[in-house]
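The data block below is target.csv; it holds CSV, C-alpha atoms.
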chain,number,residue,atom,x,y,z
A,1,MET,CA,57.3,2.1,12.7
A,2,ASN,CA,54.5,4.3,11.6
A,3,GLU,CA,53.5,2.9,8.3
A,4,THR,CA,50.8,4.7,6.3
A,5,ARG,CA,48.6,2.2,4.5
A,6,SER,CA,47.6,2.8,0.9
A,7,ALA,CA,44.0,2.4,-0.3
A,8,GLU,CA,45.0,-0.9,-2.1
A,9,SER,CA,46.3,-2.5,1.1
A,10,LEU,CA,43.0,-1.7,3.0
A,11,ARG,CA,41.1,-3.8,0.4
A,12,PRO,CA,43.3,-6.9,-0.2
A,13,GLY,CA,42.3,-8.8,-3.3
A,14,TRP,CA,40.0,-6.2,-4.7
A,15,LYS,CA,40.9,-3.4,-7.1
A,16,PRO,CA,39.2,0.0,-6.9
A,17,GLY,CA,35.7,-0.3,-8.5
A,18,GLN,CA,35.6,-4.1,-8.2
A,19,SER,CA,32.7,-5.6,-6.1
A,20,GLY,CA,33.3,-8.0,-3.3
A,21,ASN,CA,30.3,-9.9,-4.6
A,22,PRO,CA,30.2,-9.9,-8.4
A,23,LYS,CA,27.0,-11.9,-8.6
A,24,GLY,CA,25.2,-9.5,-6.3
A,25,ARG,CA,22.4,-10.2,-3.9
A,26,PRO,CA,20.5,-13.4,-4.6
A,27,ARG,CA,17.1,-12.8,-6.2
A,28,GLY,CA,14.2,-12.9,-3.8
A,29,SER,CA,16.5,-12.5,-0.7
A,30,ARG,CA,15.2,-10.0,1.9
A,31,ASN,CA,17.0,-7.4,3.9
A,32,ARG,CA,17.7,-8.3,7.5
A,33,ILE,CA,15.6,-5.5,8.8
A,34,THR,CA,12.7,-6.6,6.7
A,35,LEU,CA,13.0,-10.1,8.1
A,36,VAL,CA,13.0,-8.8,11.7
A,37,ALA,CA,10.0,-6.6,11.0
A,38,LEU,CA,8.1,-9.6,9.4
A,39,ALA,CA,8.9,-11.8,12.4
A,40,ALA,CA,7.7,-9.1,14.8
A,41,MET,CA,4.4,-8.8,12.8
A,42,GLU,CA,3.9,-12.5,12.7
A,43,GLU,CA,4.2,-12.7,16.5
A,44,GLY,CA,1.4,-10.2,16.9
A,45,ALA,CA,-0.6,-10.9,13.8
A,46,ASP,CA,-3.3,-12.8,15.6
A,47,ALA,CA,-3.8,-10.1,18.2
A,48,ILE,CA,-3.7,-7.4,15.5
A,49,ALA,CA,-6.3,-9.2,13.4
A,50,ARG,CA,-8.6,-9.7,16.5
A,51,LYS,CA,-8.3,-6.0,17.4
A,52,VAL,CA,-9.1,-4.9,13.8
A,53,VAL,CA,-12.2,-7.1,13.7
A,54,GLU,CA,-13.2,-5.8,17.2
A,55,LEU,CA,-12.9,-2.2,16.0
A,56,ALA,CA,-14.9,-3.0,12.8
A,57,LYS,CA,-17.6,-4.5,15.0
A,58,GLY,CA,-17.5,-1.3,17.1
A,59,GLY,CA,-18.2,0.8,14.0
A,60,ASP,CA,-14.8,1.9,12.9
A,61,MET,CA,-15.3,2.2,9.2
A,62,SER,CA,-11.6,2.1,8.3
A,63,ALA,CA,-11.2,-1.2,10.2
A,64,ALA,CA,-14.4,-2.5,8.5
A,65,ARG,CA,-13.1,-1.6,5.1
A,66,LEU,CA,-9.8,-3.3,5.9
A,67,VAL,CA,-11.6,-6.5,7.0
A,68,ILE,CA,-13.9,-6.6,4.0
A,69,GLU,CA,-11.0,-6.0,1.5
A,70,ARG,CA,-9.2,-8.9,3.0
A,71,LEU,CA,-12.2,-11.2,3.2
A,72,VAL,CA,-13.7,-10.4,-0.2
A,73,PRO,CA,-10.9,-9.2,-2.5
A,74,VAL,CA,-11.8,-6.8,-5.4
A,75,VAL,CA,-12.8,-8.8,-8.5
A,76,LYS,CA,-10.5,-7.9,-11.3
A,77,GLU,CA,-12.3,-9.9,-14.0
A,78,ARG,CA,-15.6,-11.6,-14.4
A,79,PRO,CA,-17.0,-14.0,-16.9
A,80,ILE,CA,-18.7,-12.4,-19.9
A,81,PHE,CA,-21.7,-13.9,-21.6
A,82,LEU,CA,-22.4,-12.2,-24.9
A,83,ALA,CA,-23.8,-13.9,-27.9
A,84,LEU,CA,-21.6,-13.0,-30.9
A,85,PRO,CA,-22.2,-13.8,-34.5
A,86,ASP,CA,-20.0,-16.2,-36.4
A,87,THR,CA,-16.6,-14.5,-36.9
A,88,GLY,CA,-15.6,-16.7,-39.8
A,89,SER,CA,-16.0,-13.8,-42.3
A,90,ALA,CA,-15.3,-10.1,-42.5
A,91,GLU,CA,-19.1,-9.5,-42.3
A,92,GLY,CA,-19.3,-11.6,-39.1
A,93,ILE,CA,-16.4,-9.8,-37.5
A,94,ALA,CA,-18.0,-6.4,-38.2
A,95,GLU,CA,-21.3,-7.7,-36.7
A,96,ALA,CA,-19.3,-8.9,-33.6
A,97,GLN,CA,-17.7,-5.5,-33.2
A,98,ASP,CA,-21.2,-3.9,-33.4
A,99,ALA,CA,-22.6,-6.4,-30.9
A,100,ILE,CA,-19.8,-5.4,-28.5
A,101,LEU,CA,-20.5,-1.7,-29.0
A,102,GLN,CA,-24.3,-2.2,-28.4
A,103,ALA,CA,-23.6,-4.2,-25.2
A,104,VAL,CA,-21.5,-1.3,-23.8
A,105,ALA,CA,-24.2,1.2,-24.8
A,106,ALA,CA,-26.8,-0.9,-23.1
A,107,GLY,CA,-24.7,-1.2,-19.9
A,108,ASP,CA,-24.3,-5.0,-20.2
A,109,LEU,CA,-20.5,-4.6,-20.6
A,110,LEU,CA,-18.0,-2.3,-19.0
A,111,PRO,CA,-15.8,-0.4,-21.4
A,112,GLY,CA,-12.7,-2.3,-20.3
A,113,GLU,CA,-14.4,-5.6,-20.8
A,114,ALA,CA,-15.5,-4.4,-24.3
A,115,ALA,CA,-11.9,-3.4,-25.1
A,116,THR,CA,-10.7,-6.9,-24.2
A,117,LEU,CA,-13.3,-8.5,-26.3
A,118,ALA,CA,-12.6,-6.2,-29.2
A,119,VAL,CA,-8.9,-7.2,-29.1
A,120,ILE,CA,-10.0,-10.8,-29.3
A,121,VAL,CA,-12.2,-10.2,-32.3
A,122,GLU,CA,-9.5,-8.2,-33.9
A,123,ALA,CA,-7.0,-11.1,-33.5
A,124,ARG,CA,-9.6,-13.3,-35.2
A,125,ARG,CA,-9.8,-10.8,-38.0
A,126,LYS,CA,-6.0,-10.8,-38.5
A,127,ALA,CA,-6.0,-14.6,-38.4
A,128,LEU,CA,-8.6,-14.7,-41.2
A,129,GLU,CA,-6.8,-12.1,-43.2
A,130,THR,CA,-3.5,-14.1,-42.9
A,131,GLN,CA,-5.3,-17.3,-43.9
A,132,GLU,CA,-6.9,-15.5,-46.9
A,133,LEU,CA,-3.6,-14.1,-48.1
A,134,GLU,CA,-2.0,-17.5,-47.8
A,135,GLN,CA,-4.7,-19.0,-50.0
A,136,ARG,CA,-4.3,-16.2,-52.6
A,137,ILE,CA,-0.5,-16.6,-52.7
A,138,SER,CA,-0.9,-20.4,-53.1
A,139,ALA,CA,-3.4,-19.9,-56.0
A,140,LEU,CA,-1.0,-17.5,-57.7
A,141,GLU,CA,1.9,-19.8,-57.4
A,142,GLU,CA,-0.1,-22.7,-58.8
A,143,LYS,CA,-1.0,-20.6,-61.9
A,144,LYS,CA,2.7,-20.0,-62.6
So that I can check it, write out the structure of this file as structure tokens.
Amino acid sequence: MNETRSAESLRPGWKPGQSGNPKGRPRGSRNRITLVALAAMEEGADAIARKVVELAKGGDMSAARLVIERLVPVVKERPIFLALPDTGSAEGIAEAQDAILQAVAAGDLLPGEAATLAVIVEARRKALETQELEQRISALEEKK
């Protein structure tokens, strides 16, 4: 009784091209190998941290940089204190943009910070423009 099995009989219930798990892997789930590696690192994390600190104290600059980066993370943003004129008019917005430019030129603001501020001032300009257009349309509708 030598029966040859067809491809369909080897995968009962599934048709070719059909997944055994239609929903897929759950979001955020980790691979088994990753979990094993994380568990191994957790077991030795304290010893590793002590060794890195010891190497840093001994003058290993790579270890020192690693310790410093973990203790004092790089600052991505900082508060900005810049006196801007009133942005309630087109003239005020132009003055605010000029103040931002002058602060960059003087070295008081980084270019990226200035770009962020300029976007905020531009959003204010658009809001004023929208408000003004709405007032004009309302006035024209009242005249009719």
(message) Could you tell me how far CA of Leu110 (chain A) sits from CA of Ser62 (chain A), in Å to one decimal place?
(response) 28.4 Å
(request) Determine, counting only C-alpha atoms, which protein, DNA and RNA residues have an atom within 6 Å of an atom of region 41-53 of chain A; residues of the same chain fewer than 3 positions away are not included. Present the result as a PyMOL selection string. (result) chain A and resi 38+56+63
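Between Gln131 (chain A) and the residues A:Gln97, A:Thr116, A:Gln102, A:Ser89, the shortest atom-to-atom distance, using all atoms listed in the file, involves A:Ser89.
For the pair CA of Asp108 (chain A) and CA of Arg78 (chain A), the interatomic distance is 12.4 Å.
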(message) I'd like to know which of A:Gly107, A:Pro22, A:Gly59, A:Gly92 is closest to Val121 (chain A), using all atoms listed in the file.
(response) A:Gly92
(request) Within 12 Å of Ile100 (chain A), counting all atoms listed in the file, which residues show up once you throw out same-chain ones fewer than 3 positions away? Write them as a VMD selection string, please. (result) chain A and resid 80 to 85 93 to 97 103 to 122
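We find CA of Leu128 (chain A) and CA of Thr87 (chain A) to be spaced 9.1 Å apart.
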(request) Counting all atoms listed in the file, figure out which residue out of A:Ala127, A:Lys23, A:Val74, A:Arg32 gets nearest to Ala90 (chain A). (result) A:Ala127
Emit region 50-79 of chain A of the structure in the block as a file comprising N, CA and C atoms, as a PDB file, in the first residue's frame.
ATOM      1  N   ARG A  50      28.929  47.230  35.658  1.00  0.00           N
ATOM      2  CA  ARG A  50      30.078  47.465  36.557  1.00  0.00           C
ATOM      3  C   ARG A  50      31.398  47.440  35.788  1.00  0.00           C
ATOM      4  N   LYS A  51      31.534  46.508  34.860  1.00  0.00           N
ATOM      5  CA  LYS A  51      32.766  46.395  34.082  1.00  0.00           C
ATOM      6  C   LYS A  51      32.972  47.616  33.189  1.00  0.00           C
ATOM      7  N   VAL A  52      31.895  48.101  32.556  1.00  0.00           N
ATOM      8  CA  VAL A  52      32.002  49.281  31.691  1.00  0.00           C
ATOM      9  C   VAL A  52      32.411  50.498  32.514  1.00  0.00           C
ATOM     10  N   VAL A  53      31.821  50.654  33.692  1.00  0.00           N
ATOM     11  CA  VAL A  53      32.175  51.779  34.565  1.00  0.00           C
ATOM     12  C   VAL A  53      33.636  51.649  35.005  1.00  0.00           C
ATOM     13  N   GLU A  54      34.046  50.429  35.321  1.00  0.00           N
ATOM     14  CA  GLU A  54      35.434  50.188  35.728  1.00  0.00           C
ATOM     15  C   GLU A  54      36.395  50.557  34.599  1.00  0.00           C
ATOM     16  N   LEU A  55      36.060  50.147  33.366  1.00  0.00           N
ATOM     17  CA  LEU A  55      36.899  50.492  32.208  1.00  0.00           C
ATOM     18  C   LEU A  55      36.941  51.998  31.988  1.00  0.00           C
ATOM     19  N   ALA A  56      35.792  52.657  32.168  1.00  0.00           N
ATOM     20  CA  ALA A  56      35.739  54.111  32.006  1.00  0.00           C
ATOM     21  C   ALA A  56      36.639  54.789  33.034  1.00  0.00           C
ATOM     22  N   LYS A  57      36.597  54.316  34.263  1.00  0.00           N
ATOM     23  CA  LYS A  57      37.454  54.885  35.314  1.00  0.00           C
ATOM     24  C   LYS A  57      38.925  54.645  35.005  1.00  0.00           C
ATOM     25  N   GLY A  58      39.205  53.542  34.289  1.00  0.00           N
ATOM     26  CA  GLY A  58      40.580  53.217  33.931  1.00  0.00           C
ATOM     27  C   GLY A  58      41.087  53.967  32.717  1.00  0.00           C
ATOM     28  N   GLY A  59      40.244  54.790  32.111  1.00  0.00           N
ATOM     29  CA  GLY A  59      40.692  55.611  30.990  1.00  0.00           C
ATOM     30  C   GLY A  59      40.222  55.163  29.628  1.00  0.00           C
ATOM     31  N   ASP A  60      39.414  54.117  29.542  1.00  0.00           N
ATOM     32  CA  ASP A  60      38.880  53.676  28.250  1.00  0.00           C
ATOM     33  C   ASP A  60      37.846  54.696  27.786  1.00  0.00           C
ATOM     34  N   MET A  61      38.184  55.455  26.751  1.00  0.00           N
ATOM     35  CA  MET A  61      37.318  56.547  26.305  1.00  0.00           C
ATOM     36  C   MET A  61      36.007  56.041  25.692  1.00  0.00           C
ATOM     37  N   SER A  62      36.041  54.893  25.044  1.00  0.00           N
ATOM     38  CA  SER A  62      34.794  54.338  24.492  1.00  0.00           C
ATOM     39  C   SER A  62      33.832  53.993  25.617  1.00  0.00           C
ATOM     40  N   ALA A  63      34.352  53.388  26.664  1.00  0.00           N
ATOM     41  CA  ALA A  63      33.518  53.046  27.819  1.00  0.00           C
ATOM     42  C   ALA A  63      33.028  54.316  28.506  1.00  0.00           C
ATOM     43  N   ALA A  64      33.901  55.326  28.602  1.00  0.00           N
ATOM     44  CA  ALA A  64      33.507  56.593  29.238  1.00  0.00           C
ATOM     45  C   ALA A  64      32.393  57.259  28.450  1.00  0.00           C
ATOM     46  N   ARG A  65      32.513  57.258  27.123  1.00  0.00           N
ATOM     47  CA  ARG A  65      31.468  57.853  26.286  1.00  0.00           C
ATOM     48  C   ARG A  65      30.147  57.105  26.463  1.00  0.00           C
ATOM     49  N   LEU A  66      30.218  55.781  26.524  1.00  0.00           N
ATOM     50  CA  LEU A  66      29.018  54.972  26.718  1.00  0.00           C
ATOM     51  C   LEU A  66      28.345  55.303  28.050  1.00  0.00           C
ATOM     52  N   VAL A  67      29.137  55.423  29.107  1.00  0.00           N
ATOM     53  CA  VAL A  67      28.584  55.747  30.431  1.00  0.00           C
ATOM     54  C   VAL A  67      27.950  57.133  30.414  1.00  0.00           C
ATOM     55  N   ILE A  68      28.636  58.099  29.847  1.00  0.00           N
ATOM     56  CA  ILE A  68      28.116  59.472  29.814  1.00  0.00           C
ATOM     57  C   ILE A  68      26.845  59.554  28.979  1.00  0.00           C
ATOM     58  N   GLU A  69      26.814  58.873  27.833  1.00  0.00           N
ATOM     59  CA  GLU A  69      25.615  58.905  26.988  1.00  0.00           C
ATOM     60  C   GLU A  69      24.409  58.316  27.702  1.00  0.00           C
ATOM     61  N   ARG A  70      24.641  57.333  28.577  1.00  0.00           N
ATOM     62  CA  ARG A  70      23.528  56.719  29.304  1.00  0.00           C
ATOM     63  C   ARG A  70      23.118  57.553  30.509  1.00  0.00           C
ATOM     64  N   LEU A  71      24.082  58.195  31.142  1.00  0.00           N
ATOM     65  CA  LEU A  71      23.768  58.995  32.328  1.00  0.00           C
ATOM     66  C   LEU A  71      23.186  60.351  31.974  1.00  0.00           C
ATOM     67  N   VAL A  72      23.726  60.966  30.933  1.00  0.00           N
ATOM     68  CA  VAL A  72      23.279  62.295  30.514  1.00  0.00           C
ATOM     69  C   VAL A  72      22.903  62.215  29.033  1.00  0.00           C
ATOM     70  N   PRO A  73      21.651  61.869  28.730  1.00  0.00           N
ATOM     71  CA  PRO A  73      21.265  61.736  27.325  1.00  0.00           C
ATOM     72  C   PRO A  73      21.375  63.072  26.587  1.00  0.00           C
ATOM     73  N   VAL A  74      21.563  62.968  25.281  1.00  0.00           N
ATOM     74  CA  VAL A  74      21.680  64.150  24.436  1.00  0.00           C
ATOM     75  C   VAL A  74      20.361  64.924  24.469  1.00  0.00           C
ATOM     76  N   VAL A  75      20.479  66.230  24.673  1.00  0.00           N
ATOM     77  CA  VAL A  75      19.288  67.079  24.716  1.00  0.00           C
ATOM     78  C   VAL A  75      18.805  67.304  23.293  1.00  0.00           C
ATOM     79  N   LYS A  76      17.546  67.003  23.052  1.00  0.00           N
ATOM     80  CA  LYS A  76      17.001  67.176  21.711  1.00  0.00           C
ATOM     81  C   LYS A  76      16.395  68.551  21.533  1.00  0.00           C
ATOM     82  N   GLU A  77      15.834  69.078  22.582  1.00  0.00           N
ATOM     83  CA  GLU A  77      15.242  70.410  22.514  1.00  0.00           C
ATOM     84  C   GLU A  77      15.567  71.155  23.801  1.00  0.00           C
ATOM     85  N   ARG A  78      15.540  72.450  23.706  1.00  0.00           N
ATOM     86  CA  ARG A  78      15.757  73.278  24.888  1.00  0.00           C
ATOM     87  C   ARG A  78      14.768  74.427  24.853  1.00  0.00           C
ATOM     88  N   PRO A  79      14.470  74.973  26.022  1.00  0.00           N
ATOM     89  CA  PRO A  79      13.566  76.122  26.017  1.00  0.00           C
ATOM     90  C   PRO A  79      14.228  77.314  25.332  1.00  0.00           C
TER      91      PRO A  79
END
